[in-house]
$ cat run.cif   # mmCIF, C-alpha atoms
data_query
loop_
_atom_site.group_PDB
_atom_site.id
_atom_site.type_symbol
_atom_site.label_atom_id
_atom_site.label_comp_id
_atom_site.auth_asym_id
_atom_site.auth_seq_id
_atom_site.Cartn_x
_atom_site.Cartn_y
_atom_site.Cartn_z
ATOM 1 C CA MET A 1 -1.301 20.152 20.451
ATOM 2 C CA GLU A 2 -5.005 20.853 20.414
ATOM 3 C CA TYR A 3 -4.690 22.406 16.950
ATOM 4 C CA ILE A 4 -3.034 19.249 15.677
ATOM 5 C CA LEU A 5 -5.782 17.013 17.054
ATOM 6 C CA HIS A 6 -8.525 19.023 15.361
ATOM 7 C CA PRO A 7 -9.115 18.676 11.614
ATOM 8 C CA TRP A 8 -6.644 20.847 9.711
ATOM 9 C CA PRO A 9 -8.098 23.776 7.752
ATOM 10 C CA TRP A 10 -7.453 24.093 4.029
ATOM 11 C CA TYR A 11 -4.997 26.966 4.435
ATOM 12 C CA VAL A 12 -2.756 24.685 6.490
ATOM 13 C CA SER A 13 -3.274 21.474 4.491
ATOM 14 C CA GLY A 14 -2.900 22.955 0.997
ATOM 15 C CA PRO A 15 0.476 24.610 1.681
ATOM 16 C CA LEU A 16 1.699 21.389 3.361
ATOM 17 C CA ILE A 17 0.826 19.450 0.194
ATOM 18 C CA ALA A 18 2.752 22.085 -1.791
ATOM 19 C CA LEU A 19 5.677 21.384 0.562
ATOM 20 C CA VAL A 20 5.495 17.669 -0.300
ATOM 21 C CA LEU A 21 5.549 18.632 -3.983
ATOM 22 C CA LEU A 22 8.531 20.944 -3.380
ATOM 23 C CA VAL A 23 10.611 18.359 -1.528
ATOM 24 C CA LEU A 24 9.917 15.654 -4.146
ATOM 25 C CA THR A 25 10.733 18.096 -6.963
ATOM 26 C CA LEU A 26 14.005 19.021 -5.245
ATOM 27 C CA MET A 27 14.752 15.307 -5.002
ATOM 28 C CA GLY A 28 14.340 15.182 -8.776
ATOM 29 C CA LYS A 29 11.073 13.206 -8.703
ATOM 30 C CA ARG A 30 7.629 13.755 -10.159
ATOM 31 C CA PHE A 31 4.781 13.696 -7.645
ATOM 32 C CA GLY A 32 2.099 11.123 -8.557
ATOM 33 C CA MET A 33 0.262 8.448 -6.615
ATOM 34 C CA SER A 34 -1.539 6.432 -9.289
ATOM 35 C CA SER A 35 1.594 5.292 -11.138
ATOM 36 C CA ASN A 36 2.165 2.941 -8.202
ATOM 37 C CA LEU A 37 -0.919 0.989 -9.272
ATOM 38 C CA ARG A 38 0.905 0.195 -12.511
ATOM 39 C CA THR A 39 4.013 -0.782 -10.569
ATOM 40 C CA PHE A 40 1.938 -3.224 -8.499
ATOM 41 C CA CYS A 41 0.584 -4.779 -11.720
ATOM 42 C CA THR A 42 4.145 -5.247 -12.941
ATOM 43 C CA LEU A 43 5.180 -6.784 -9.621
ATOM 44 C CA CYS A 44 2.262 -9.225 -9.968
ATOM 45 C CA GLY A 45 3.607 -10.333 -13.337
ATOM 46 C CA ALA A 46 1.283 -8.342 -15.634
ATOM 47 C CA GLY A 47 4.215 -7.856 -18.027
ATOM 48 C CA LYS A 48 3.381 -11.309 -19.406
ATOM 49 C CA HIS A 49 0.042 -9.969 -20.668
ATOM 50 C CA SER A 50 0.855 -6.472 -21.884
ATOM 51 C CA ASP A 51 3.957 -4.514 -22.804
ATOM 52 C CA PHE A 52 2.451 -1.629 -20.858
ATOM 53 C CA PHE A 53 3.638 -3.358 -17.710
ATOM 54 C CA LYS A 54 7.101 -4.164 -19.029
ATOM 55 C CA PHE A 55 9.044 -1.265 -17.592
ATOM 56 C CA ASP A 56 11.891 -0.854 -15.188
ATOM 57 C CA TRP A 57 9.887 -0.902 -11.982
ATOM 58 C CA LYS A 58 13.016 -0.395 -9.942
ATOM 59 C CA ALA A 59 13.078 3.188 -11.238
ATOM 60 C CA GLN A 60 9.725 3.544 -9.435
ATOM 61 C CA LYS A 61 10.933 2.041 -6.172
ATOM 62 C CA TRP A 62 11.124 5.498 -4.597
ATOM 63 C CA ASN A 63 7.403 5.984 -5.240
ATOM 64 C CA VAL A 64 6.529 2.653 -3.625
ATOM 65 C CA LEU A 65 8.469 3.832 -0.563
ATOM 66 C CA VAL A 66 6.400 7.031 -0.551
ATOM 67 C CA VAL A 67 3.212 4.950 -0.657
ATOM 68 C CA ILE A 68 4.362 2.783 2.238
ATOM 69 C CA GLY A 69 4.859 6.045 4.109
ATOM 70 C CA VAL A 70 1.368 7.260 3.161
ATOM 71 C CA VAL A 71 -0.128 4.107 4.722
ATOM 72 C CA VAL A 72 1.868 4.695 7.923
ATOM 73 C CA GLY A 73 0.912 8.379 7.850
ATOM 74 C CA GLY A 74 -2.770 7.476 7.608
ATOM 75 C CA ALA A 75 -2.379 5.277 10.685
ATOM 76 C CA ILE A 76 -0.575 8.020 12.633
ATOM 77 C CA GLY A 77 -3.163 10.617 11.612
ATOM 78 C CA HIS A 78 -6.055 8.396 12.607
ATOM 79 C CA PHE A 79 -4.795 6.673 15.743
ATOM 80 C CA PHE A 80 -2.478 9.292 17.284
ATOM 81 C CA LEU A 81 -3.358 12.723 15.926
ATOM 82 C CA SER A 82 -7.165 12.747 16.052
ATOM 83 C CA GLU A 83 -9.809 12.921 18.764
ATOM 84 C CA GLY A 84 -12.620 11.064 17.054
ATOM 85 C CA ASP A 85 -13.129 11.002 13.311
ATOM 86 C CA THR A 86 -16.177 13.126 12.598
ATOM 87 C CA VAL A 87 -16.061 15.276 9.485
ATOM 88 C CA ALA A 88 -18.021 18.498 9.850
ATOM 89 C CA ILE A 89 -19.388 18.840 6.333
ATOM 90 C CA SER A 90 -21.912 21.535 5.481
ATOM 91 C CA SER A 91 -25.502 21.178 6.693
ATOM 92 C CA SER A 92 -26.822 21.192 3.122
ATOM 93 C CA SER A 93 -24.598 18.196 2.257
ATOM 94 C CA ILE A 94 -25.747 16.418 5.432
ATOM 95 C CA ALA A 95 -29.399 16.949 4.516
ATOM 96 C CA GLN A 96 -28.872 15.631 0.994
ATOM 97 C CA LEU A 97 -26.914 12.620 2.222
ATOM 98 C CA ASN A 98 -29.591 11.795 4.788
ATOM 99 C CA ASP A 99 -32.130 11.805 1.957
ATOM 100 C CA LEU A 100 -29.891 9.412 0.006
ATOM 101 C CA GLY A 101 -29.795 7.081 3.025
ATOM 102 C CA PHE A 102 -26.426 8.002 4.544
ATOM 103 C CA GLN A 103 -27.431 8.449 8.171
ATOM 104 C CA GLY A 104 -23.958 9.061 9.589
ATOM 105 C CA ALA A 105 -23.214 12.131 7.458
ATOM 106 C CA GLY A 106 -21.514 14.752 9.639
ATOM 107 C CA ASN A 107 -20.657 12.207 12.341
ATOM 108 C CA GLU A 108 -18.191 9.865 10.660
ATOM 109 C CA TYR A 109 -15.118 9.910 8.404
ATOM 110 C CA LEU A 110 -16.446 7.422 5.831
ATOM 111 C CA PRO A 111 -20.104 6.407 5.366
ATOM 112 C CA SER A 112 -20.709 3.171 7.259
ATOM 113 C CA GLU A 113 -23.347 2.220 4.644
ATOM 114 C CA LEU A 114 -20.512 1.879 2.085
ATOM 115 C CA PHE A 115 -17.430 1.171 4.182
ATOM 116 C CA GLY A 116 -18.735 -0.334 7.422
ATOM 117 C CA GLU A 117 -18.514 -4.006 8.373
ATOM 118 C CA MET A 118 -22.047 -4.706 7.160
ATOM 119 C CA VAL A 119 -20.991 -3.995 3.574
ATOM 120 C CA ILE A 120 -19.828 -7.633 3.437
ATOM 121 C CA VAL A 121 -23.459 -8.740 3.281
ATOM 122 C CA ASP A 122 -24.599 -5.915 1.006
ATOM 123 C CA PRO A 123 -23.869 -6.971 -2.587
ATOM 124 C CA LYS A 124 -25.039 -3.640 -4.013
ATOM 125 C CA MET A 125 -22.642 -1.567 -1.915
ATOM 126 C CA LEU A 126 -19.804 -4.055 -2.501
ATOM 127 C CA PHE A 127 -20.403 -3.705 -6.228
ATOM 128 C CA TYR A 128 -20.212 0.105 -5.958
ATOM 129 C CA LEU A 129 -16.868 -0.111 -4.144
ATOM 130 C CA VAL A 130 -15.497 -2.398 -6.859
ATOM 131 C CA ILE A 131 -16.806 -0.219 -9.713
ATOM 132 C CA GLY A 132 -15.577 2.968 -8.033
ATOM 133 C CA GLY A 133 -12.101 1.569 -7.516
ATOM 134 C CA PHE A 134 -11.978 0.091 -11.018
ATOM 135 C CA LEU A 135 -12.871 3.440 -12.616
ATOM 136 C CA VAL A 136 -10.244 5.257 -10.541
ATOM 137 C CA GLY A 137 -7.534 2.814 -11.617
ATOM 138 C CA PHE A 138 -8.595 2.562 -15.261
ATOM 139 C CA GLY A 139 -9.279 6.290 -15.615
ATOM 140 C CA ALA A 140 -6.089 7.400 -13.893
ATOM 141 C CA ARG A 141 -3.901 5.358 -16.224
ATOM 142 C CA TYR A 142 -5.929 6.289 -19.318
ATOM 143 C CA ALA A 143 -5.612 9.986 -18.374
ATOM 144 C CA GLY A 144 -1.965 9.487 -17.387
ATOM 145 C CA GLY A 145 -2.397 10.640 -13.803
ATOM 146 C CA CYS A 146 -4.706 11.257 -10.869
ATOM 147 C CA THR A 147 -5.376 14.152 -8.520
ATOM 148 C CA SER A 148 -1.751 14.409 -7.396
ATOM 149 C CA GLY A 149 -0.212 13.925 -10.841
ATOM 150 C CA HIS A 150 -2.543 16.208 -12.783
ATOM 151 C CA ALA A 151 -4.383 18.558 -10.402
ATOM 152 C CA ILE A 152 -1.388 19.296 -8.137
ATOM 153 C CA SER A 153 1.804 18.450 -10.003
ATOM 154 C CA GLY A 154 0.639 18.906 -13.608
ATOM 155 C CA LEU A 155 -1.245 22.172 -13.113
ATOM 156 C CA SER A 156 1.681 23.508 -11.073
ATOM 157 C CA ASN A 157 3.750 22.962 -14.223
ATOM 158 C CA LEU A 158 1.122 24.783 -16.303
ATOM 159 C CA GLN A 159 0.470 21.644 -18.355
ATOM 160 C CA LEU A 160 -2.505 21.933 -20.711
ATOM 161 C CA PRO A 161 -3.073 18.132 -20.723
ATOM 162 C CA SER A 162 -3.463 18.279 -16.946
ATOM 163 C CA LEU A 163 -6.068 21.032 -17.246
ATOM 164 C CA ILE A 164 -8.031 18.881 -19.713
ATOM 165 C CA ALA A 165 -7.762 15.909 -17.343
ATOM 166 C CA VAL A 166 -8.914 17.954 -14.339
ATOM 167 C CA ILE A 167 -11.898 19.246 -16.328
ATOM 168 C CA GLY A 168 -12.634 15.600 -17.115
ATOM 169 C CA PHE A 169 -12.353 14.680 -13.405
ATOM 170 C CA PHE A 170 -14.982 17.284 -12.635
ATOM 171 C CA ILE A 171 -17.334 16.311 -15.447
ATOM 172 C CA GLY A 172 -17.213 12.720 -14.195
ATOM 173 C CA GLY A 173 -17.590 13.674 -10.549
ATOM 174 C CA LEU A 174 -20.473 16.063 -11.160
ATOM 175 C CA VAL A 175 -22.334 13.510 -13.291
ATOM 176 C CA MET A 176 -21.854 10.859 -10.600
ATOM 177 C CA VAL A 177 -22.970 12.978 -7.657
ATOM 178 C CA HIS A 178 -25.797 14.893 -9.312
ATOM 179 C CA PHE A 179 -27.287 12.398 -11.758
ATOM 180 C CA LEU A 180 -26.162 8.913 -10.760
ATOM 181 C CA PHE A 181 -26.263 9.098 -6.944
ATOM 182 C CA PRO A 182 -30.078 9.560 -6.875
ATOM 183 C CA ILE A 183 -30.375 6.394 -9.013
ATOM 184 C CA LEU A 184 -27.690 4.343 -7.260
ATOM 185 C CA PHE A 185 -28.548 5.111 -3.621
ATOM 186 C CA MET B 1 19.555 4.136 2.244
ATOM 187 C CA VAL B 2 19.255 7.731 3.462
ATOM 188 C CA ARG B 3 17.238 8.540 0.347
ATOM 189 C CA SER B 4 14.955 5.559 0.914
ATOM 190 C CA ILE B 5 14.221 6.726 4.457
ATOM 191 C CA ALA B 6 13.583 10.228 3.121
ATOM 192 C CA TYR B 7 10.938 8.893 0.692
ATOM 193 C CA VAL B 8 9.191 6.982 3.458
ATOM 194 C CA LEU B 9 9.224 10.088 5.680
ATOM 195 C CA ILE B 10 7.799 12.249 2.872
ATOM 196 C CA GLY B 11 5.055 9.656 2.439
ATOM 197 C CA ILE B 12 4.303 9.590 6.179
ATOM 198 C CA PHE B 13 3.996 13.370 6.180
ATOM 199 C CA PHE B 14 1.739 13.313 3.104
ATOM 200 C CA GLY B 15 -0.420 10.562 4.619
ATOM 201 C CA ILE B 16 -0.908 12.548 7.819
ATOM 202 C CA VAL B 17 -1.846 15.655 5.818
ATOM 203 C CA LEU B 18 -4.329 13.709 3.670
ATOM 204 C CA TYR B 19 -5.992 12.261 6.760
ATOM 205 C CA LYS B 20 -5.998 15.412 8.894
ATOM 206 C CA SER B 21 -7.160 17.656 6.033
ATOM 207 C CA GLU B 22 -10.118 15.273 5.551
ATOM 208 C CA ALA B 23 -9.219 15.076 1.855
ATOM 209 C CA ALA B 24 -9.408 11.306 2.434
ATOM 210 C CA SER B 25 -13.028 11.562 3.595
ATOM 211 C CA TRP B 26 -15.719 10.322 1.215
ATOM 212 C CA PHE B 27 -17.972 13.049 2.592
ATOM 213 C CA ARG B 28 -15.582 15.856 1.637
ATOM 214 C CA ILE B 29 -15.508 14.621 -1.955
ATOM 215 C CA PHE B 30 -19.312 14.546 -2.100
ATOM 216 C CA GLU B 31 -19.445 18.043 -0.633
ATOM 217 C CA MET B 32 -16.894 19.291 -3.153
ATOM 218 C CA PHE B 33 -18.907 18.042 -6.118
ATOM 219 C CA GLN B 34 -21.997 19.656 -4.601
ATOM 220 C CA PHE B 35 -20.142 22.994 -4.292
ATOM 221 C CA HIS B 36 -21.321 23.152 -0.685
ATOM 222 C CA SER B 37 -17.967 24.064 0.832
ATOM 223 C CA PHE B 38 -14.741 25.802 -0.120
ATOM 224 C CA HIS B 39 -12.660 23.288 1.860
ATOM 225 C CA MET B 40 -11.453 20.964 -0.932
ATOM 226 C CA TYR B 41 -11.094 23.838 -3.426
ATOM 227 C CA GLY B 42 -8.980 25.653 -0.840
ATOM 228 C CA ILE B 43 -6.712 22.623 -0.375
ATOM 229 C CA ILE B 44 -6.214 21.875 -4.068
ATOM 230 C CA GLY B 45 -6.157 25.561 -5.047
ATOM 231 C CA SER B 46 -3.585 26.662 -2.469
ATOM 232 C CA ALA B 47 -1.390 23.617 -3.163
ATOM 233 C CA MET B 48 -1.581 24.400 -6.883
ATOM 234 C CA GLY B 49 -0.961 28.141 -6.452
ATOM 235 C CA LEU B 50 2.101 27.606 -4.271
ATOM 236 C CA GLY B 51 3.177 24.796 -6.608
ATOM 237 C CA ILE B 52 3.137 27.167 -9.606
ATOM 238 C CA LEU B 53 5.140 29.724 -7.633
ATOM 239 C CA GLN B 54 7.818 27.302 -6.458
ATOM 240 C CA ASN B 55 8.109 25.582 -9.841
ATOM 241 C CA GLN B 56 8.544 28.952 -11.569
ATOM 242 C CA ILE B 57 11.288 29.898 -9.126
ATOM 243 C CA ILE B 58 13.012 26.532 -9.615
ATOM 244 C CA GLN B 59 12.840 26.875 -13.405
ATOM 245 C CA ARG B 60 13.860 30.541 -13.658
ATOM 246 C CA ARG B 61 16.664 30.353 -11.113
ATOM 247 C CA LYS B 62 17.719 26.954 -12.528
ATOM 248 C CA VAL B 63 17.704 25.522 -9.001
ATOM 249 C CA LYS B 64 19.554 22.207 -8.776
ATOM 250 C CA SER B 65 18.201 19.170 -6.953
ATOM 251 C CA PHE B 66 19.464 18.209 -3.486
ATOM 252 C CA PHE B 67 21.858 15.884 -5.278
ATOM 253 C CA GLY B 68 23.261 18.597 -7.558
ATOM 254 C CA GLU B 69 21.392 17.386 -10.633
ATOM 255 C CA GLU B 70 19.421 19.495 -13.067
ATOM 256 C CA ILE B 71 15.662 19.446 -12.347
ATOM 257 C CA ILE B 72 13.768 18.483 -15.470
ATOM 258 C CA PHE B 73 10.099 19.365 -15.873
ATOM 259 C CA ALA B 74 9.111 16.901 -18.573
ATOM 260 C CA PRO B 75 6.052 18.153 -20.463
ATOM 261 C CA LYS B 76 3.106 15.748 -20.673
ATOM 262 C CA ASP B 77 2.387 14.246 -24.081
ATOM 263 C CA PRO B 78 0.072 16.501 -26.075
ATOM 264 C CA GLY B 79 -3.415 15.222 -26.731
ATOM 265 C CA PHE B 80 -7.036 15.657 -25.824
ATOM 266 C CA LYS B 81 -9.022 12.430 -25.949
ATOM 267 C CA ARG B 82 -7.064 10.389 -23.437
ATOM 268 C CA TYR B 83 -7.074 13.234 -20.925
ATOM 269 C CA MET B 84 -10.759 14.037 -21.339
ATOM 270 C CA PHE B 85 -12.104 10.456 -21.551
ATOM 271 C CA GLY B 86 -9.718 9.092 -18.941
ATOM 272 C CA GLY B 87 -10.444 12.085 -16.744
ATOM 273 C CA ILE B 88 -14.212 11.562 -16.925
ATOM 274 C CA LEU B 89 -13.886 7.870 -16.012
ATOM 275 C CA PHE B 90 -11.562 8.782 -13.153
ATOM 276 C CA GLY B 91 -13.993 11.452 -11.927
ATOM 277 C CA LEU B 92 -16.906 9.005 -11.917
ATOM 278 C CA GLY B 93 -14.886 6.616 -9.779
ATOM 279 C CA TRP B 94 -13.473 9.368 -7.554
ATOM 280 C CA ALA B 95 -16.969 10.552 -6.631
ATOM 281 C CA LEU B 96 -18.380 7.042 -6.140
ATOM 282 C CA ALA B 97 -15.534 5.596 -4.078
ATOM 283 C CA GLY B 98 -14.869 9.007 -2.518
ATOM 284 C CA ALA B 99 -11.144 8.442 -2.751
ATOM 285 C CA CYS B 100 -8.405 8.924 -5.289
ATOM 286 C CA PRO B 101 -5.218 6.815 -5.055
ATOM 287 C CA GLY B 102 -3.385 8.843 -2.362
ATOM 288 C CA PRO B 103 -6.310 8.781 0.090
ATOM 289 C CA MET B 104 -6.851 5.054 -0.613
ATOM 290 C CA TYR B 105 -3.438 4.284 0.900
ATOM 291 C CA THR B 106 -4.117 6.706 3.743
ATOM 292 C CA LEU B 107 -7.377 4.934 4.583
ATOM 293 C CA VAL B 108 -5.680 1.528 4.547
ATOM 294 C CA GLY B 109 -3.412 2.838 7.295
ATOM 295 C CA ALA B 110 -6.344 4.377 9.157
ATOM 296 C CA GLY B 111 -7.816 0.879 9.398
ATOM 297 C CA TYR B 112 -10.816 1.108 7.070
ATOM 298 C CA TRP B 113 -10.426 -2.401 5.717
ATOM 299 C CA SER B 114 -13.126 -2.148 3.051
ATOM 300 C CA ILE B 115 -10.918 0.350 1.230
ATOM 301 C CA LEU B 116 -8.674 -2.636 0.379
ATOM 302 C CA LEU B 117 -11.441 -3.816 -1.944
ATOM 303 C CA VAL B 118 -11.433 -0.382 -3.626
ATOM 304 C CA LEU B 119 -7.629 -0.424 -3.888
ATOM 305 C CA ALA B 120 -7.575 -3.951 -5.332
ATOM 306 C CA SER B 121 -10.222 -2.886 -7.855
ATOM 307 C CA ALA B 122 -8.117 0.157 -8.792
ATOM 308 C CA ILE B 123 -5.114 -2.104 -9.412
ATOM 309 C CA PHE B 124 -7.335 -4.370 -11.505
ATOM 310 C CA GLY B 125 -8.641 -1.327 -13.417
ATOM 311 C CA THR B 126 -5.058 -0.330 -14.169
ATOM 312 C CA TYR B 127 -4.372 -3.874 -15.366
ATOM 313 C CA VAL B 128 -7.409 -3.883 -17.685
ATOM 314 C CA TYR B 129 -6.332 -0.498 -19.094
ATOM 315 C CA GLY B 130 -2.930 -2.006 -19.873
ATOM 316 C CA ILE B 131 -4.632 -4.851 -21.759
ATOM 317 C CA VAL B 132 -7.115 -2.791 -23.801
ATOM 318 C CA ARG B 133 -5.191 0.453 -24.281
ATOM 319 C CA GLY B 134 -4.361 -0.366 -27.896
ATOM 320 C CA LYS B 135 -8.079 -0.274 -28.723
ATOM 321 C CA LEU B 136 -8.792 3.051 -26.982
ATOM 322 C CA PRO B 137 -8.637 6.524 -28.555
ATOM 323 C CA HIS B 138 -5.694 8.495 -27.134
#
$ encode --input "run.cif" --output "structure tokens"
Amino acid sequence: MEYILHPWPWYVSGPLIALVLLVLTLMGKRFGMSSNLRTFCTLCGAGKHSDFFKFDWKAQKWNVLVVIGVVVGGAIGHFFLSEGDTVAISSSSIAQLNDLGFQGAGNEYLPSELFGEMVIVDPKMLFYLVIGGFLVGFGARYAGGCTSGHAISGLSNLQLPSLIAVIGFFIGGLVMVHFLFPILF
Amino acid sequence: MVRSIAYVLIGIFFGIVLYKSEAASWFRIFEMFQFHSFHMYGIIGSAMGLGILQNQIIQRRKVKSFFGEEIIFAPKDPGFKRYMFGGILFGLGWALAGACPGPMYTLVGAGYWSILLVLASAIFGTYVYGIVRGKLPH
């Protein structure tokens, strides 16, 4: 039980994600989280504004069920399978984050400067959350998939488009962390 | 009904793994893009490596689905621009928000309410893409 309560190492987590991919594949489905964002747009009536959202969302019902499960799984992982929520990142990352103003680095799961309650009265941080989320949603649909659809599922199928997308993910991420973080934070 | 329960259970399992692996932690994403730890590369790399192996076995042995149907691996549409440009925009957001779509749902369950703002923005971003996609290079 103690092993379960501690953070899971990569060599346990990675194979378990491969197991999720295997079970979904054997159920005849394609693993991908971001396509649900499109489904939610359709459910909100976005089909009136763009044909992109006019699709048979019922064919995606299975994926919405998976997402409902992911929410429940996050709750179970946090409230029942963890003793505290510190993330032991490397000391060099902690030092850099402290310099950027993230004081809780190494002691919390998400930075309270960005995700804590006080963010409500911090327009700058609120704006970053909105921009970050917007880019994830816009970029995922533009690229036709996110980390699960391209990096896990697509690369596992040896898809060249997924390799291009993953290279793009990294270009964007590296630019953000190395060049934009020192300006933004 | 049985299938529906199976999908929810798969999701619960995936959500637990995302939380417990710390792949849903903003800090792990920062650390990954700083190349300060092998952790995230190990997760994605081992999932991918095993994924290639199992998909090859399924394809070569023509393994049928649980429901006796043929398993089809539909190739992605060929192209470069949409994958590169879309990928870069996604990467910028991934590093800033510290979460891609799977972890966003995980964090909602874990009770980090501010992630709902990120998730709503991601849905809005998807909506805007649907509106302007005709004007974008693909």
$ residues_around --input "run.cif" --residues "Pro75 (chain B)" --least-positions-apart "5" --cutoff "12 Å" --atoms "all atoms listed in the file" --output "PDB file with C-alpha atoms, keeping the file's coordinate frame"
ATOM      1  CA  ARG A  30       7.629  13.755 -10.159  1.00  0.00           C
ATOM      2  CA  HIS A 150      -2.543  16.208 -12.783  1.00  0.00           C
ATOM      3  CA  SER A 153       1.804  18.450 -10.003  1.00  0.00           C
ATOM      4  CA  GLY A 154       0.639  18.906 -13.608  1.00  0.00           C
ATOM      5  CA  LEU A 155      -1.245  22.172 -13.113  1.00  0.00           C
ATOM      6  CA  SER A 156       1.681  23.508 -11.073  1.00  0.00           C
ATOM      7  CA  ASN A 157       3.750  22.962 -14.223  1.00  0.00           C
ATOM      8  CA  LEU A 158       1.122  24.783 -16.303  1.00  0.00           C
ATOM      9  CA  GLN A 159       0.470  21.644 -18.355  1.00  0.00           C
ATOM     10  CA  LEU A 160      -2.505  21.933 -20.711  1.00  0.00           C
ATOM     11  CA  PRO A 161      -3.073  18.132 -20.723  1.00  0.00           C
ATOM     12  CA  SER A 162      -3.463  18.279 -16.946  1.00  0.00           C
TER      13      SER A 162
END
$ closest_residue --input "run.cif" --among "B:Leu136, B:Ala23, B:Ala6, B:Ile57" --to "Met104 (chain B)" --atoms "all atoms listed in the file"
B:Ala23
$ interface_residues --input "run.cif" --of "chain A" --to "chain B" --cutoff "6 Å" --atoms "all atoms listed in the file" --output "PyMOL selection string"
chain A and resi 7-8+10+13-15+17-18+26-28+33-34+37+50+52+65-67+69-75+77-78+93+109-110+115+129-130+132-140+142-143+152+156+164-165+168-174+176
$ atom_distance --input "run.cif" --atom1 "CA of Tyr128 (chain A)" --atom2 "CA of Val177 (chain A)"
13.3 Å
$ closest_residue --input "run.cif" --among "A:Glu113, A:Ser35, A:Asn107, A:Leu100" --to "Ile183 (chain A)" --atoms "all atoms listed in the file"
A:Leu100
$ atom_distance --input "run.cif" --atom1 "CA of Trp57 (chain A)" --atom2 "CA of Thr39 (chain A)"
6.0 Å
$ atom_distance --input "run.cif" --atom1 "CA of Gln103 (chain A)" --atom2 "CA of Val175 (chain A)"
22.6 Å
$ axis_aligned_box --input "run.cif" --around "region 38-54 of chain B" --padding-each-side "5 Å" --output "lines of an AutoDock Vina configuration file"
center_x = -3.5
center_y = 25.3
center_z = -3.9
size_x = 32.6
size_y = 18.8
size_z = 21.5
$ closest_residue --input "run.cif" --among "A:Ile131, A:Phe185, A:Gln60, A:Ile4" --to "Asp99 (chain A)" --atoms "all atoms listed in the file"
A:Phe185
$ residues_around --input "run.cif" --residues "Glu83 (chain A)" --least-positions-apart "3" --cutoff "9 Å" --atoms "only C-alpha atoms" --output "mmCIF file with C-alpha atoms, in the frame of the given file"
data_model
loop_
_atom_site.group_PDB
_atom_site.id
_atom_site.type_symbol
_atom_site.label_atom_id
_atom_site.label_comp_id
_atom_site.auth_asym_id
_atom_site.auth_seq_id
_atom_site.Cartn_x
_atom_site.Cartn_y
_atom_site.Cartn_z
ATOM 1 C CA LEU A 5 -5.782 17.013 17.054
ATOM 2 C CA HIS A 6 -8.525 19.023 15.361
ATOM 3 C CA HIS A 78 -6.055 8.396 12.607
ATOM 4 C CA PHE A 79 -4.795 6.673 15.743
ATOM 5 C CA PHE A 80 -2.478 9.292 17.284
ATOM 6 C CA THR A 86 -16.177 13.126 12.598
#
